[in-house]
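Asks: Please see the structure below; I have some questions.
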Amino acid sequence: MHPEGKTSLSPRIVDAFMAIVGKENVVYGEQELLVYECDAYTLEKNLPNVVLLPRSTDQISQVVKICAQEKLPIIPRGAGTSLSGSVLAVTGGVMICLSRMNRVLDIDFRNRRALVEAGCVNAWVTNAAKQKGFLYAPDPSSQSACTIGGNVAMNSGGPHTLKRGVTTNHVLGFEIVFPDGEIVWLGTRPDGSEDVPGYDLRGAVIGCEGMFGIVTRVLVKLIKAPQAYKTLLGIFESVDEASQTVSDIIAAGIVPGAMEMMDQMITQAVEAAYHFGFPLDAGAVLIVELDGLAAGLDKQADRVVEICKKNKAREVRIAKSEQERMDLWKSRKRAFGAIGRLSPNFLTQDGVVPRSQLPEIMRFIRQTSDKYGLRIPNVFHAGDGNIHPLILYDERDPQQVKNAVAAGNDILERCIELGGSATGEHGIGVEKIDFMAKQFSKETLDAMKMLRRVFDPETRCNPHKMFPGSKRCGDFAGKKQISA
Amino acid sequence: MSTQAPERFLDYDKSLACIHCGLCLSSCPTYLETGNENDSPRGRIYLMRAVQDGRLPVAGAAVTHIDRCLGCRACEAVCPSGVQYGNLLEHTRDHIEKKHQRSPFQTFLRRVAIEKVFPFPNRLKVALLPARIVKSLGVEPMLPKFAREALSLVPDNANSATLPEVSPARGETRGRLGFISGCAMTAMFGETNQASVRLLNRAGYEVATPKTQNCCGALYAHSGQLELARECARKNIAAFEDGKFDAIIINAAGCGSTLKEYDHLLHDDPVWAERAKKFSAKVKDLTEWMAPEMATCKTKPSDCKVTYHDACHLAHAQRITKPPREIVKAVAGNNYVELAESDVCCGSAGTYNLTEPEMAERLQNRKIENILKSGAQIVVTSNPGCLLQIKAGLKKAGSTVEAVHIADFLDRAACD
Ligand SMILES: Cc1cc2nc3c(=O)[nH]c(=O)nc-3n(C[C@H](O)[C@H](O)[C@H](O)COP(=O)(O)OP(=O)(O)OC[C@H]3O[C@@H](n4cnc5c(N)ncnc54)[C@H](O)[C@@H]3O)c2cc1C
Ligand code: SF4
Ligand code: SF4
């Protein structure tokens with residue numbers, strides 16, 4: 001535990017919090033705080049001083065004002081599914097958790113938008129809209145649990161990002177409490193038009209990893225659910241051929257809704273877990289989903305089959321029913337869970353490379369696997385060139401823990417060399433701080449810091465994240481890690 | 001906060017299967033209510049591990065939040081990593097009961113009410129007697145709140161009809177089934193049991209209800225009394241072993257999930273492990289058995305809106321969600337409406353409403369709100385605990401919506 005983490009808050013401050021959010025919504029004391037020492041990234045841990053579970057924007061503003069007076073760090077938290085330690089209370093502080101602000105407030109089908117509280121679970125938005133044939137497009141694999149506020153902070157994507165874009169393309173505006181307690185609305189208002197004059201401050205906040213304030217209500221876009229889907233499963237002898245297919249499909253001017261790849265090792269694990277019927281001896285499988293108007297889909301599907309065959313696909317299957325399509329996606333989205341069956345621990349990386357470099361990075365991953373003697377299965381958003389190598393290790397062997405971290409670093413460095421980046425969607429958090437200096441010049445980093453100070457001059461909001469030179473927690477224990 | 005590392009009670013691999021991803025959070029009823037990570041499945045597993053590792057004592061936070069768990073296993077059904085939450089919970093509760101000193105009132109509730117009365121239909125009938133007298137005298141307002149809450153659950157028309165040892169099939173005999181009568185079912189829903197047997201007879205099955213069967217042991221297993229649960233299991237296995245049954249049918253979801261897990265419960269018992277496996281493999285929920293029969297079962301269509309509440313121990317523990325819907329839809333047709341949050345626990349959870357009355361009431365209110373919003377006039381379910389909880393909630397809300405067991409629902413609609 002970090003020495004500063006131990007300083008407990010004075011009872012006066014705790015009482016003031018209790019008076020605002022209610023006694024039962026203040027989580028206090030070391031035993032009760034233990035579960036808040038990490039998010040889904042469990043390599044580093046530290047306790048916050050207190051966790052608050054407010055119910056309204058007004059309550060948040062009031063507690064944030066106290067934090068400003070008392071110069072206390074604030075850490076916004078949604079569902080805590082971040083994979084990069086973005087919610088870690090590095091030096092303690094006041095964690096403000098949006099889990100009780102989780103309602104869908106209003107759906108305006110005519111204007112195709114929904115107003116939700118920031119703690120609303122991503123999947124609940126689509127659930128509320130689907131009866132009328134609408135959906136909220138960004139679909140992170142964690143969508144059944146992660147919150148819209150967390151998605152805004154991380155600018156999250158998902159398999160269907162390929163065609164529809166990430167969170168920033170689907171958030172019209174939101175209400176945010178700045179670190180001094182001021183409440184403002186950025187971007188389109190719930191009753192306003194989509195054109196907002198002036199700078200796009202909404203866009204500046206999306207992806208800020210919780211460092212610019214606490215988002216409290218969000219106005220999201222709804223889109224009409226596609227009239228029809230065609231979901232194909234290409235079965236290939238090798239990852240190279242499957243990767244080439246991905247490039248060729250895009251080059252042919254086809255934009256699938258999603259294009260996802262799994263290599264042999266992960267396919268075997270997924271098959272053991274969910275019994276979908278994947279071939280166990282294929283080098284790679286590629287899921288290509290086409291969506292849109294029913295009319296043109298068959299022709300597009302024929303084209304995709306042709307391209308797969310040209311790249312020596314052994315077989316191309318087409319999902320025969322909505323149930324089969326759902327089962328296929330379930331297997332894909334829950335793939336990382338199956339990995340728990342292969343290894344006691346694993347570490348995931350979230351690098352990005354230009355699509356054309358996919359075969360190269362996959363070759364490099366194989367070499368890295370040999371070099372460190374660790375198995376590295378892969379499941380990833382192939383269409384975006386967003387890889388998720390899963391480095392398998394056993395935490396009981398310290399050498400393996402070291403090797404796993406080293407292998408992860410090698411792979412990310414190679415991604416940057418190939419013209420990509422160290423994270424596609426999981427964010428920097430505390431985990432990838434070191435890569436910021438590799439990826440950006442000092443000037444660029446300084447510019448980012450200047451932007452941050454505009455919103456948070458005291459850098460009290462979610463401190464010690466993202467920027468090189470931040471404080472770190474000492475406790476580095478090899479623990480299970482997961483991927484999307 | 002460190003304490004001495006305690007004896008091992010968690011299966012190391014089973015607890016490590018949790019990769020802390022948090023995908024279970026939004027399906028946990030207690031987390032939906034409090035928003036506190038301690039009241040979430042991921043949080044509770046973290047607490048269990050912390051107790052196991054000696055980071056937390058068997059007291060305070062760990063006990064509070066593990067007590068508050070409904071054991072509904074919604075988390076288990078959604079976990080991508082295959083974490084066996086129910087198993088981890090039972091072993092942790094067993095450990096807590098051994099190591100933790102409870103208040104005299106809680107001890108009374110747990111040791112007397114739950115262990116000595118509920119599992120015995122006859123004692124339960126006697127215990128219900130004063131409740132019925134109090135109700136008929138109309139002096140409920142004079143009782144303390146916790147007693148009033150408990151009392152509100154006693155159905156006004158509890159009935160305890162018993163079953164004959166063998167009920168013959170109607171028409172040609174297609175097979176022979178064993179029937180588990182259940183404690184609460186026998187004591188309070190005797191007529192539902194009769195309806196269940198009637199349905200099976202009508203479908204062409206002879207039904208035997210051995211007198212030597214006893215409580216399934218679910219209440220013991222869930223409250224951390226594994227040895228007592230094992231004793232129940234052995235008696236039931238013996239009672240049904242010689243019957244040559246095609247299947248063993250149960251109409252109470254809570255009991256069903258325990259009966260199906262006898263093989264886990266007796267896994268380490270060399271004499272019983274194999275026999276338990278055979279027994280568990282034969283157990284079927286009434287809806288699992290009846291759904292395929294619906295094609296040939298003639299029913300009168302219902303003329304009002306009907307909805308269905310998923311009993312946790314059916315939907316999550318046994319993963320049975322389609323068969324009961326097929327049955328209800330077969331009768332209700334276009335009058336069927338889906339219930340919002342249909343698989344979020346109603347707060348009954350066995351004896352939970354006695355040990356954690358506050359959370360039980362919050363979840364009861366949540367369930368009733370959803371039922372009222374659905375616009376249904378009938379809500380169907382498949383577990384006695386849920387029925388009691390929902391009936392009491394509807395009554396409190398002054399609603400005319402009727403809660404019925406799926407066996408009664410189908411029996412009423414069936415025509416020859
Ligand atoms: C199994 C699994 C699969 C995943 N798959 C994907 C995927 O496909 N794509 C993807 O992009 N990510 C994925 N993730 C990562 C993660 O789910 C996303 O980053 C998600 O957006 C985090 O949401 P959350 O509610 O859990 O936020 P948290 O983890 O609680 O917080 C994340 C960050 O957001 C900030 N924050 C949270 N709420 C607010 C708020 N209201 N206002 C301001 N800041 C806030 C926090 O301070 C923190 O910096 C996956 C994670 C897991 C565990
Ligand atoms: S129980 Fe399962 S779903 Fe929940 S955090 Fe653990 S691994 Fe994830
Ligand atoms: S069993 Fe139910 S109440 Fe308990 S942690 Fe799981 S989902 Fe929550």
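Going by the structure tokens order, chains are called A, B, ..., each with residues numbered from 1, while ligands are numbered from 1 in the order shown.
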Could you tell me, counting only C-alpha atoms and all ligand atoms, which protein and nucleic acid residues lie no more than 7 Å from ligand 1, written as number ranges by chain?

Replies: A: 39-40, 75-83, 86-87, 98, 118-119, 139-142, 145-159, 209-211, 213-216, 336, 425-427, 429, 462, 482-484; B: 21-23

Asks: Please write out the residues within 7 Å of ligand 3 as a VMD selection string, counting only C-alpha atoms and all ligand atoms.

Replies: chain B and resid 27 to 31 39 to 41 44 69 to 76 85 to 86

Asks: Up to 6 Å from chain B, what residues of chain A turn up? Count only C-alpha atoms and give them as number ranges by chain.

Replies: A: 31-32, 35, 40, 81, 99-100, 145, 334, 337-338, 340, 480

Asks: Please write the residues from the selection above to a file, keeping N, CA, C and O atoms, as a short mmCIF file (atom, residue, chain, number, x, y, z; two decimals), in the first residue's frame.

Replies:
data_model
loop_
_atom_site.label_atom_id
_atom_site.label_comp_id
_atom_site.auth_asym_id
_atom_site.auth_seq_id
_atom_site.Cartn_x
_atom_site.Cartn_y
_atom_site.Cartn_z
N GLN A 31 -11.73 -2.49 6.01
CA GLN A 31 -12.35 -3.76 5.60
C GLN A 31 -13.33 -3.54 4.46
O GLN A 31 -13.36 -4.32 3.50
N GLU A 32 -14.14 -2.51 4.60
CA GLU A 32 -15.16 -2.26 3.57
C GLU A 32 -14.53 -1.75 2.28
O GLU A 32 -15.10 -1.91 1.20
N VAL A 35 -12.37 -4.11 -1.38
CA VAL A 35 -12.78 -4.51 -2.74
C VAL A 35 -12.60 -3.38 -3.75
O VAL A 35 -12.74 -3.60 -4.95
N ALA A 40 -10.48 -4.18 -13.09
CA ALA A 40 -10.24 -5.47 -13.72
C ALA A 40 -8.75 -5.69 -14.03
O ALA A 40 -8.35 -6.76 -14.46
N THR A 81 -14.56 -2.02 -14.79
CA THR A 81 -14.13 -3.07 -15.72
C THR A 81 -12.91 -2.64 -16.52
O THR A 81 -12.50 -3.33 -17.46
N SER A 99 -22.55 3.89 -9.64
CA SER A 99 -23.36 2.67 -9.76
C SER A 99 -24.82 2.85 -9.40
O SER A 99 -25.67 2.09 -9.82
N ARG A 100 -25.15 3.86 -8.60
CA ARG A 100 -26.56 4.06 -8.25
C ARG A 100 -27.25 5.06 -9.19
O ARG A 100 -28.44 5.28 -9.08
N ALA A 145 -21.86 -5.11 -18.57
CA ALA A 145 -21.55 -4.57 -17.24
C ALA A 145 -21.03 -3.13 -17.26
O ALA A 145 -21.34 -2.35 -16.36
N ARG A 334 -17.18 -13.78 -25.30
CA ARG A 334 -16.77 -14.36 -24.03
C ARG A 334 -15.47 -15.15 -24.17
O ARG A 334 -15.12 -15.93 -23.28
N GLY A 337 -12.91 -15.34 -21.33
CA GLY A 337 -13.28 -16.15 -20.17
C GLY A 337 -12.81 -17.58 -20.32
O GLY A 337 -12.38 -18.21 -19.37
N ALA A 338 -12.85 -18.04 -21.57
CA ALA A 338 -12.45 -19.42 -21.82
C ALA A 338 -10.98 -19.63 -21.50
O ALA A 338 -10.55 -20.73 -21.15
N GLY A 340 -9.40 -18.73 -19.02
CA GLY A 340 -9.25 -19.18 -17.64
C GLY A 340 -9.08 -20.69 -17.57
O GLY A 340 -8.58 -21.23 -16.60
N LYS A 480 -4.20 -12.66 -12.22
CA LYS A 480 -4.92 -12.92 -13.47
C LYS A 480 -5.22 -11.64 -14.21
O LYS A 480 -5.63 -10.66 -13.63
#

Asks: Give me the residues within 9 Å of Asn169 of chain A as a tab-separated table (two decimals) with C-alpha atoms, in the first residue's frame, counting only C-alpha atoms and dropping any in the same chain fewer than 3 places off.

Replies:
chain	number	residue	atom	x	y	z
A	138	PRO	CA	-20.72	0.89	-29.49
A	164	ARG	CA	-20.02	2.37	-36.89
A	165	GLY	CA	-17.22	4.06	-35.04
A	166	VAL	CA	-16.42	4.37	-31.33
A	172	LEU	CA	-24.17	13.85	-28.62
A	221	LYS	CA	-27.47	8.56	-30.40

Asks: Skip Gly383 of chain A itself and residues of its chain fewer than 6 positions away, then list as JSON, numbers by chain all residues within 12 Å of it, counting only C-alpha atoms.

Replies: {"A": [158, 159, 160, 161, 162, 163, 165, 242, 243, 244, 245, 246, 247, 248, 249, 250, 251, 254, 255, 256, 257, 258, 259, 260, 261, 286, 287, 288, 289, 352, 353, 354, 355, 356, 357, 358]}

Asks: In terms of the shortest atom-to-atom distance over only C-alpha atoms, which of B:Gly256, B:Pro210, B:Pro6, B:Pro323 is closest to Trp289 of chain B?

Replies: B:Pro323

Asks: Mind checking which residues fall within 9 Å of Ile74 of chain A, counting only C-alpha atoms, ignoring those fewer than 4 positions away in the same chain, and posting them as a tab-separated table (two decimals) with N, CA and C atoms, in the first residue's frame?

Replies:
chain	number	residue	atom	x	y	z
A	64	VAL	N	-17.95	17.10	-4.51
A	64	VAL	CA	-16.76	17.54	-5.23
A	64	VAL	C	-16.28	18.90	-4.70
A	67	CYS	N	-14.28	18.24	-1.71
A	67	CYS	CA	-12.96	17.73	-2.11
A	67	CYS	C	-12.07	18.89	-2.56
A	89	ALA	N	-6.81	3.99	-7.09
A	89	ALA	CA	-6.59	5.15	-6.22
A	89	ALA	C	-5.12	5.17	-5.85
A	92	GLY	N	-4.64	7.10	-2.77
A	92	GLY	CA	-5.87	7.24	-1.99
A	92	GLY	C	-6.75	8.30	-2.62
A	93	GLY	N	-7.72	8.78	-1.85
A	93	GLY	CA	-8.60	9.82	-2.37
A	93	GLY	C	-10.06	9.42	-2.24
A	94	VAL	N	-10.91	10.27	-2.82
A	94	VAL	CA	-12.34	10.08	-2.70
A	94	VAL	C	-12.85	9.47	-4.01
A	95	MET	N	-13.28	8.22	-3.94
A	95	MET	CA	-13.77	7.55	-5.14
A	95	MET	C	-15.27	7.81	-5.25
A	96	ILE	N	-15.66	8.33	-6.40
A	96	ILE	CA	-17.07	8.63	-6.58
A	96	ILE	C	-17.62	7.68	-7.63
A	179	PRO	N	-13.88	19.53	-11.64
A	179	PRO	CA	-13.23	19.28	-10.35
A	179	PRO	C	-13.44	20.38	-9.30
A	213	GLY	N	-13.20	15.52	-15.05
A	213	GLY	CA	-14.39	15.74	-14.25
A	213	GLY	C	-15.24	14.49	-14.22
A	460	ARG	N	-6.18	17.23	-9.69
A	460	ARG	CA	-6.67	16.42	-8.58
A	460	ARG	C	-7.61	15.30	-9.05
A	461	CYS	N	-8.09	15.41	-10.30
A	461	CYS	CA	-9.09	14.46	-10.78
A	461	CYS	C	-8.40	13.25	-11.41
A	462	ASN	N	-8.63	12.09	-10.83
A	462	ASN	CA	-7.98	10.85	-11.26
A	462	ASN	C	-6.47	11.04	-11.50
A	463	PRO	N	-5.75	11.43	-10.47
A	463	PRO	CA	-4.33	11.76	-10.63
A	463	PRO	C	-3.45	10.53	-10.82

Asks: Closest to ligand 2 among B:Val328, B:Val337, B:Leu177, B:Leu89, using only C-alpha atoms and all ligand atoms?

Replies: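 Residue with the minimum atom-to-atom distance to ligand 2: B:Leu89.
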
Asks: Quick check, in Å to one decimal: how far apart do atom CA of Leu387 of chain B and atom CA of His405 of chain B lie?

Replies: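 Taking atom CA of Leu387 of chain B as the start and atom CA of His405 of chain B as the end point, the length is 7.0 Å.
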
Asks: Please identify all polymer residues within 12 Å of Gly296 of chain A, counting only C-alpha atoms, omitting same-chain residues fewer than 5 positions from it, and present them as a tab-separated table (two decimals) with N, CA and C atoms, in the first residue's frame.

Replies:
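That gives us result.tsv:
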chain	number	residue	atom	x	y	z
A	227	GLN	N	-31.47	-3.92	-41.06
A	227	GLN	CA	-32.61	-4.72	-41.50
A	227	GLN	C	-32.24	-6.21	-41.53
A	228	ALA	N	-31.00	-6.47	-41.91
A	228	ALA	CA	-30.60	-7.88	-42.02
A	228	ALA	C	-29.11	-8.03	-41.72
A	229	TYR	N	-28.74	-9.23	-41.31
A	229	TYR	CA	-27.34	-9.56	-41.07
A	229	TYR	C	-26.96	-10.77	-41.91
A	230	LYS	N	-25.70	-10.83	-42.28
A	230	LYS	CA	-25.13	-12.06	-42.84
A	230	LYS	C	-23.83	-12.28	-42.11
A	254	ILE	N	-15.57	-3.27	-49.39
A	254	ILE	CA	-16.65	-3.77	-48.53
A	254	ILE	C	-16.35	-3.32	-47.09
A	290	LEU	N	-21.74	-8.96	-42.15
A	290	LEU	CA	-22.23	-7.91	-43.04
A	290	LEU	C	-23.61	-7.52	-42.54
A	291	ASP	N	-23.92	-6.23	-42.59
A	291	ASP	CA	-25.27	-5.84	-42.19
A	291	ASP	C	-25.75	-4.69	-43.05
A	301	ALA	N	-21.99	-10.93	-49.65
A	301	ALA	CA	-21.55	-12.18	-49.01
A	301	ALA	C	-20.83	-13.05	-50.03
A	302	ASP	N	-21.36	-13.10	-51.26
A	302	ASP	CA	-20.69	-13.90	-52.29
A	302	ASP	C	-19.27	-13.40	-52.53
A	303	ARG	N	-19.14	-12.08	-52.53
A	303	ARG	CA	-17.82	-11.46	-52.74
A	303	ARG	C	-16.86	-11.89	-51.61

Asks: Can you list, as a ChimeraX atom specification, every residue of segment 12-125 of chain A that DSSP puts in strand (DSSP E or B)?

Replies: /A:26-28,50-52,74-77,90,92,94-97,104-108,113-117,121

Asks: Using only C-alpha atoms, which protein or nucleic acid residues come within 12 Å of Gly198 of chain A? Drop anything in the same chain fewer than 5 positions from it, and give the result as a short mmCIF file (atom, residue, chain, number, x, y, z; two decimals) with all heavy atoms, in the first residue's frame.

Replies:
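Written output follows (around_21.cif):
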data_model
loop_
_atom_site.label_atom_id
_atom_site.label_comp_id
_atom_site.auth_asym_id
_atom_site.auth_seq_id
_atom_site.Cartn_x
_atom_site.Cartn_y
_atom_site.Cartn_z
N LEU A 186 -21.99 19.90 -21.94
CA LEU A 186 -21.17 20.07 -23.15
C LEU A 186 -21.82 19.35 -24.32
O LEU A 186 -22.33 18.24 -24.16
CB LEU A 186 -19.77 19.50 -22.92
CG LEU A 186 -18.94 20.12 -21.79
CD1 LEU A 186 -17.58 19.42 -21.66
CD2 LEU A 186 -18.72 21.61 -22.04
N GLY A 187 -21.78 19.96 -25.48
CA GLY A 187 -22.35 19.34 -26.67
C GLY A 187 -23.85 19.54 -26.75
O GLY A 187 -24.40 20.44 -26.11
N THR A 188 -24.50 18.69 -27.54
CA THR A 188 -25.94 18.81 -27.77
C THR A 188 -26.73 18.60 -26.48
O THR A 188 -26.47 17.66 -25.74
CB THR A 188 -26.39 17.76 -28.80
OG1 THR A 188 -25.63 17.94 -29.98
CG2 THR A 188 -27.87 17.88 -29.10
N GLY A 203 -16.00 16.60 -27.47
CA GLY A 203 -14.99 15.73 -28.06
C GLY A 203 -13.70 15.70 -27.26
O GLY A 203 -13.01 14.69 -27.19
#
